[in-house]
Every structure is written in C-alpha cells, then in structure tokens.
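K.L.:
Before we start, here is the structure in question, set down as structure tokens.
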Amino acid sequence: MALIDLIAPIPADNIALVRPESDFRLTYGALRRQVEILAGALADAGLRKNDRVALSLHNEPALIVAILAVSTIGAAVPFDDRGARVVILPGDSPDGIPRVQPHAVPESVPDSVPDDVAVILKTRGTTGPPKQVPLSHENLTLSARQTAERLGLGPDDVTLCVMPIAHIQGLVTATLATFAAGGTVVIPGGFHPLAFWRIARDHGVTWFTAAPTIHQWLLARTADPGTRRPAGAARLRFIRSSGSTLPPAVAQTLESAFGVPVLDAYEVTEASGDVGASRIAILDADGRPLEPGHRGEVALAGPSVARGYDNDPERTRKFFIDGWFRTGDFGYLDRGRVVLGGASGSGIRDS
C-alpha cells in the first residue's frame with residue numbers, strides 16, 4: 001500500500017487539513033488534486049524513481065501536500081539534504097501549491113535508497129549523533145492504520161497538530177493516523193500556549209498528541225486545574241503524550257485539569273512511530289530474550305520497523321541485528337506493555 005492510498009477511500013467532502021490563522025481548509029478531494037498537481041510538476045522537473053526531494057517548508061498544510069506528492073515518485077526529506085535532486089520552496093499562489101526548483105547536486109551523492117522508501121526522517125537521542133531513517137510506504141501506512149485503530153479514531157475526530165511534521169509524532173501519529181480514519185488535522189503555525197485552547201474551541205478538537213513539555217506548559221497556563229475545564233476542552237476525548245516519559249503526577253494533573261484520559265505512549269522513529277505496531281522483546285547483554293518483568297534492552301521487529309539507517313552501514317550493523325532493531329532504551333514488559341527505565345539507566349531517546 002502506498003502512502004497516498006491512505007486518503008484514497010475517504011469521502012471527497014471530508015475536511016482533511018485546516019490552517020487556523022487564515023481559516024484555510026482543504027477537503028480530501030482537494031488534497032488529492034493538489035497532490036496530483038505537485039506530483040506532475042515534480043515529474044516535469046525531472047524527478048525520477050528513488051530521487052530525494054528536500055522540503056524547505058514550515059509546519060503547514062503545504063508540507064503534507066509535498067510529502068504525499070513526493071512519495072508517489074521519490075523520497076521526501078523534510079530537512080536540508082545535500083543529496084536532494086530537487087528542493088521544494090514555499091509557494092505564493094492562492095491554492096498553496098509549493099514551488100518546485102531544481103537543486104544543484106554535489107559531486108558526492110549518497111547511495112540511492114530502496115524503491116519503496118517514501119520519507120526519510122532524522123532521529124536523535126542517547127545513542128549518538130543524529131541518524132537518517134528511511135521509512136517505506138509499508139512502514140508508514142501500517143503504523144498509521146494501527147495507531148488510528150488503537151486510538152479509536154474516526155471521521156469525526158479533529159486533532160491539533162502542535163508537533164513538527166518533520167518528526168515521527170507530528171507526521172505519523174497526528175497526521176497520517178488521522179488521515180487513515182478520515183478525520184481532520186488542524187495545523188497552526190507553531191505552538192502558542194495562550195492560543196492553544198482558543199484554536200481547540202474554534203475547531204472542535206477531540207484529541208491531540210504532544211511532548212511532556214508542551215503538556216506542562218498548558219498546565220502552567222490553566223487557571224485552577226481540576227475546578228474548571230478550558231473552553232477548548234469541551235470536545236476532547238483523550239490526550240496523548242510521547243517523546244519522553246510523562247511523570248505520573250503530571251498525567252494525573254492533566255486528567256484532573258482537562259477531564260479526559262491521558263495516554264503515555266512509547267514512540268520510536270525507526271519503528272515508524274508507536275511501538276504498538278511492532279513485535280517487542282527485552283534482551284539481555286548477549287541479545288537473548290528475557291521473560292516479562294526482567295529488565296533489559298528494548299528490541300523491536302516487524303513490518304513497521306525500518307531496515308537500517310541511510311548511508312550509514314556501521315550504525316546499521318550496530319543497531320539492526322538478526323532481524324531486531326535494538327533501541328538503546330532499557331525497560332521491561334508488563335502485560336505486553338513496555339515500561340521504560342531500569343538499572344542500566346533510562347536510555348529514553350527523544351525520537
């Protein structure tokens with residue numbers, strides 16, 4: 001299944017994307033048309049199978065259009081990549097279609113990625129310098145669909161995307177999972193605590209996912225938590241947290257302040273997002289599986305997990321071993337759920 005196929009069956013009149021600052025709205029039908037137009041422009045610009053396209057765009061609907069369009073031909077790279085054959089710049093047309101500009105290719109170009117790579121994302125954390133993770137159509141669509149199913153998302157759901165779309169939580173969890181369910185993604189120009197609940201109220205937001213820091217900022221600007229919900233929380237069904245561990249006390253305060261359950265998720269870029277779409281094992285220092293309750297290194301496998309790092313065979317050999325991705329995070333299994341932390345150190349990466 002290709003990435004673009006996520007939106008193919010959604011009714012054309014459903015609202016896919018909203019830009020709250022201008023109240024710009026894009027239906028699924030219009031989104032499909034914009035993707036087709038941009039994909040055609042890329043082909044006319046000389047883009048060929050497996051070519052990389054750098055996306056010099058802000059957190060905005062145009063970035064989603066660009067990612068979907070590029071993935072129909074090559075690999076979308078939502079950061080500066082010197083191996084890109086084309087760079088997409090912000091557009092100035094009323095329909096929001098970005099401009100396509102040929103990009104000078106350096107003498108040394110990274111090896112081509114496999115045919116099925118749709119997006120290349122950066123990951124960073126405790127395991128060393130940033131790495132580039134090629135994620136295939138299968139990786140992304142499987143993770144998006146399973147995330148939508150686990151969260152119980154439907155066409156009436158509206159999410160407020162405050163995480164960067166260039167990272168796994170913003171792209172897969174907030175955006176692609178919502179698309180898989182036919183819901184609406186509201187993308188503000190950035191995270192502004194004082195505007196958050198007004199936007200949520202105006203657009204009927206039913207859920208959102210964010211890093212613990214953002215949740216704490218929202219709490220800090222909520223008067224009398226637990227006594228009166230913000231007006232924008234009226235339609236909320238749940239809140240999701242990922243990126244690092246959410247302290248239990250903060251989770252309890254969030255639930256009291258906003259009146260909905262808080263889901264603390266474990267998300268890894270190399271697994272295309274929430275690890276719930278992966279097979280999970282806890283390994284000892286010799287790579288042997290441990291029984292539930294025993295602490296060790298978290299390892300992931302399955303069709304949602306990438307095959308390695310881009311143009312980085314050394315770190316690919318180090319972390320992708322015998323069909324498992326060894327995360328560098330430590331924890332244990334408790335009734336099928338990963339509990340992070342342990343004697344070896346938390347090792348929790350910011351992916």
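Residues are named by chain letter and number: chains run A, B, ... in the order of the structure tokens, numbers start at 1 in each chain, and ligands are numbered from 1 in the order shown.
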Can you pull out every residue from region 77-274 of chain A that DSSP, working from the backbone, puts in alpha helix (DSSP H), and format the result as a ChimeraX atom specification?

P.N.:
/A:137-151,168,177-181,193-203,212-220,248-258

K.L.:
Could you list, as a PDB file with N, CA and C atoms, in the first residue's frame, every residue within 8 Å of Pro90 (chain A), counting only C-alpha atoms and ignoring same-chain residues fewer than 4 positions away?

P.N.:
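Once written, part03.pdb looks like this:
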ATOM      1  N   SER A  56      11.747  22.455   1.961  1.00  0.00           N
ATOM      2  CA  SER A  56      12.075  23.656   2.736  1.00  0.00           C
ATOM      3  C   SER A  56      10.784  24.384   3.081  1.00  0.00           C
ATOM      4  N   LEU A  57       9.944  23.728   3.891  1.00  0.00           N
ATOM      5  CA  LEU A  57       8.613  24.238   4.216  1.00  0.00           C
ATOM      6  C   LEU A  57       8.420  24.251   5.724  1.00  0.00           C
ATOM      7  N   ALA A  62       0.876  22.797   3.329  1.00  0.00           N
ATOM      8  CA  ALA A  62       1.695  22.589   2.131  1.00  0.00           C
ATOM      9  C   ALA A  62       2.749  21.513   2.344  1.00  0.00           C
ATOM     10  N   PRO A  98       3.239  24.435  -3.472  1.00  0.00           N
ATOM     11  CA  PRO A  98       4.613  24.934  -3.367  1.00  0.00           C
ATOM     12  C   PRO A  98       5.282  25.051  -4.734  1.00  0.00           C
ATOM     13  N   ARG A  99       6.344  25.829  -4.778  1.00  0.00           N
ATOM     14  CA  ARG A  99       7.140  25.949  -5.994  1.00  0.00           C
ATOM     15  C   ARG A  99       8.190  24.852  -6.024  1.00  0.00           C
TER      16      ARG A  99
END

K.L.:
To test your reading of the structure, identify every residue in region 125-348 of chain A that backbone DSSP assigns to strand (DSSP E), and report it as a VMD selection string.

P.N.:
chain A and resid 125 128 to 136 158 to 160 184 to 186 207 to 210 238 to 241 262 to 264 267 to 268 273 to 274 279 to 283 296 to 301 320 to 321 324 to 334 337 to 340

K.L.:
Mind checking which residues fall within 9 Å of Ala174 (chain A), counting only C-alpha atoms, ignoring those fewer than 5 positions away in the same chain, and posting them as a ChimeraX atom specification?

P.N.:
/A:159-163,165,168-169,179,185,208-209

K.L.:
Set the distance at 9 Å and use only C-alpha atoms: which residues neighbour Leu194 (chain A) once local chain neighbours fewer than 4 positions away are removed? I'd like the list as a compact mmCIF listing (two decimals) with N, CA and C atoms, in the first residue's frame.

P.N.:
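Below is the file result_39.txt, written as the result:
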# COMPACT_ATOMS: atom_id res chain seq x y z
N ARG A 198 -8.07 28.37 22.48
CA ARG A 198 -8.96 29.09 21.56
C ARG A 198 -9.07 28.35 20.24
N LEU A 218 0.90 23.85 29.03
CA LEU A 218 -0.55 24.04 29.05
C LEU A 218 -1.08 24.07 30.49
N ARG A 221 -0.52 27.32 32.33
CA ARG A 221 -1.36 28.44 31.90
C ARG A 221 -2.84 28.14 32.05

K.L.:
Kindly indicate which residue among A:Ile67, A:Val87, A:Val250, A:Ile73 lies nearest to Trp217 (chain A), using only C-alpha atoms for the distances.

P.N.:
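The closest residue to Trp217 (chain A) is A:Val250.
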
K.L.:
With distances taken over only C-alpha atoms, which residue among A:Glu270, A:Leu55, A:Ala76, A:Asp5 lies nearest Tyr309 (chain A)?

P.N.:
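When distances to Tyr309 (chain A) are compared using only C-alpha atoms, the smallest one comes from A:Glu270.
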
K.L.:
Out of A:Gly74, A:Gly323, A:Gly273, A:Pro20, which residue has the shortest atom-to-atom distance to Leu42 (chain A) when counting only C-alpha atoms?

P.N.:
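Residue with the minimum atom-to-atom distance to Leu42 (chain A): A:Gly74.
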
K.L.:
Can you tell me how far CA of Leu151 (chain A) sits from CA of Tyr332 (chain A), in Å to one decimal?

P.N.:
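A separation of 23.1 Å between them.
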
K.L.:
Find the spatial neighbours of Pro292 (chain A), counting only C-alpha atoms, within a cut-off of 8 Å - ignore same-chain residues fewer than 4 positions away - and output them as a ChimeraX atom specification.

P.N.:
/A:282,332-335

K.L.:
I'd like the neighbourhood of Gly276 (chain A) as an MDAnalysis selection string, where a residue qualifies if any of its atoms comes within 10 Å (using only C-alpha atoms), though same-chain residues fewer than 5 positions away should be ignored.

P.N.:
chainID A and resid 143 146:147 150 265:267 271 300 304 336:338

K.L.:
Take the residues just selected and output them with N, CA and C atoms as a CSV table (one decimal), in the first residue's frame.

P.N.:
chain,number,residue,atom,x,y,z
A,143,SER,N,1.8,1.6,10.3
A,143,SER,CA,1.8,2.3,11.6
A,143,SER,C,0.7,3.2,11.7
A,146,GLN,N,-2.6,1.2,12.3
A,146,GLN,CA,-2.7,0.6,13.6
A,146,GLN,C,-2.9,1.6,14.7
A,147,THR,N,-2.2,2.8,14.5
A,147,THR,CA,-2.4,3.8,15.5
A,147,THR,C,-3.8,4.4,15.5
A,150,ARG,N,-5.9,1.7,17.3
A,150,ARG,CA,-5.7,1.7,18.8
A,150,ARG,C,-6.3,2.9,19.5
A,265,ALA,N,2.5,7.2,25.6
A,265,ALA,CA,3.0,6.3,24.5
A,265,ALA,C,4.5,6.3,24.4
A,266,TYR,N,5.0,5.1,23.9
A,266,TYR,CA,6.4,4.9,23.6
A,266,TYR,C,6.5,4.9,22.1
A,267,GLU,N,7.3,5.9,21.6
A,267,GLU,CA,7.3,6.1,20.1
A,267,GLU,C,8.8,6.2,19.7
A,271,ALA,N,10.8,2.7,14.3
A,271,ALA,CA,9.6,1.8,14.2
A,271,ALA,C,8.4,2.5,13.6
A,300,LEU,N,12.8,-4.2,18.8
A,300,LEU,CA,11.6,-4.2,18.0
A,300,LEU,C,11.8,-4.9,16.7
A,304,SER,N,6.6,-2.7,10.5
A,304,SER,CA,6.6,-1.2,10.7
A,304,SER,C,8.0,-0.7,11.0
A,336,GLY,N,2.4,-7.0,28.4
A,336,GLY,CA,2.6,-6.6,27.0
A,336,GLY,C,2.9,-5.2,26.8
A,337,ARG,N,3.0,-4.4,27.8
A,337,ARG,CA,3.3,-3.0,27.7
A,337,ARG,C,4.8,-2.8,28.1
A,338,VAL,N,5.5,-1.9,27.4
A,338,VAL,CA,6.9,-1.6,27.7
A,338,VAL,C,6.9,-0.5,28.8

K.L.:
So which one's closest to Leu135 (chain A), A:Ala148, A:Leu121, A:Leu63, A:Met1? Using only C-alpha atoms, please.

P.N.:
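With only C-alpha atoms as the atom set, the closest residue is A:Leu121.
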
K.L.:
Determine the nearest neighbour of Gln216 (chain A) from the options A:Ala306, A:Ala257, A:Ile4, A:Leu283, counting only C-alpha atoms.

P.N.:
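For Gln216 (chain A), the nearest of the candidates is A:Ala257.
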
K.L.:
Which one is closest to Val35 (chain A): A:Asn50, A:Thr123, A:Thr213, A:Ser71? Count only C-alpha atoms.

P.N.:
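Distance minimum relative to Val35 (chain A) lands on A:Ser71.
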
K.L.:
Could you tell me how far CA of Val70 (chain A) sits from CA of His137 (chain A), in Å to one decimal place?

P.N.:
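Going from CA of His137 (chain A) over to CA of Val70 (chain A), I get 12.0 Å.
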
K.L.:
Using only C-alpha atoms, which protein or nucleic acid residues come within 8 Å of Arg52 (chain A)? Drop anything in the same chain fewer than 3 positions from it, and give the result as an MDAnalysis selection string.

P.N.:
chainID A and resid 74:77 83:86

K.L.:
Could you take the residues named above and write them with N, CA and C atoms, as a PDB file, in the first residue's frame?

P.N.:
ATOM      1  N   GLY A  74       9.499   9.710  -5.480  1.00  0.00           N
ATOM      2  CA  GLY A  74      10.794   9.550  -4.827  1.00  0.00           C
ATOM      3  C   GLY A  74      10.676   9.524  -3.328  1.00  0.00           C
ATOM      4  N   ALA A  75      11.687  10.053  -2.652  1.00  0.00           N
ATOM      5  CA  ALA A  75      11.730  10.053  -1.190  1.00  0.00           C
ATOM      6  C   ALA A  75      11.685  11.486  -0.679  1.00  0.00           C
ATOM      7  N   ALA A  76      10.707  11.784   0.177  1.00  0.00           N
ATOM      8  CA  ALA A  76      10.568  13.112   0.760  1.00  0.00           C
ATOM      9  C   ALA A  76      11.518  13.255   1.937  1.00  0.00           C
ATOM     10  N   VAL A  77      12.266  14.352   1.950  1.00  0.00           N
ATOM     11  CA  VAL A  77      13.228  14.607   3.026  1.00  0.00           C
ATOM     12  C   VAL A  77      12.883  15.968   3.635  1.00  0.00           C
ATOM     13  N   GLY A  83      21.998  15.651  -0.757  1.00  0.00           N
ATOM     14  CA  GLY A  83      21.843  14.692  -1.840  1.00  0.00           C
ATOM     15  C   GLY A  83      20.563  14.856  -2.617  1.00  0.00           C
ATOM     16  N   ALA A  84      19.776  15.892  -2.318  1.00  0.00           N
ATOM     17  CA  ALA A  84      18.487  16.061  -2.979  1.00  0.00           C
ATOM     18  C   ALA A  84      18.667  16.489  -4.433  1.00  0.00           C
ATOM     19  N   ARG A  85      17.823  15.945  -5.318  1.00  0.00           N
ATOM     20  CA  ARG A  85      17.825  16.359  -6.723  1.00  0.00           C
ATOM     21  C   ARG A  85      16.927  17.567  -6.950  1.00  0.00           C
ATOM     22  N   VAL A  86      15.965  17.774  -6.049  1.00  0.00           N
ATOM     23  CA  VAL A  86      15.011  18.879  -6.160  1.00  0.00           C
ATOM     24  C   VAL A  86      14.763  19.421  -4.761  1.00  0.00           C
TER      25      VAL A  86
END
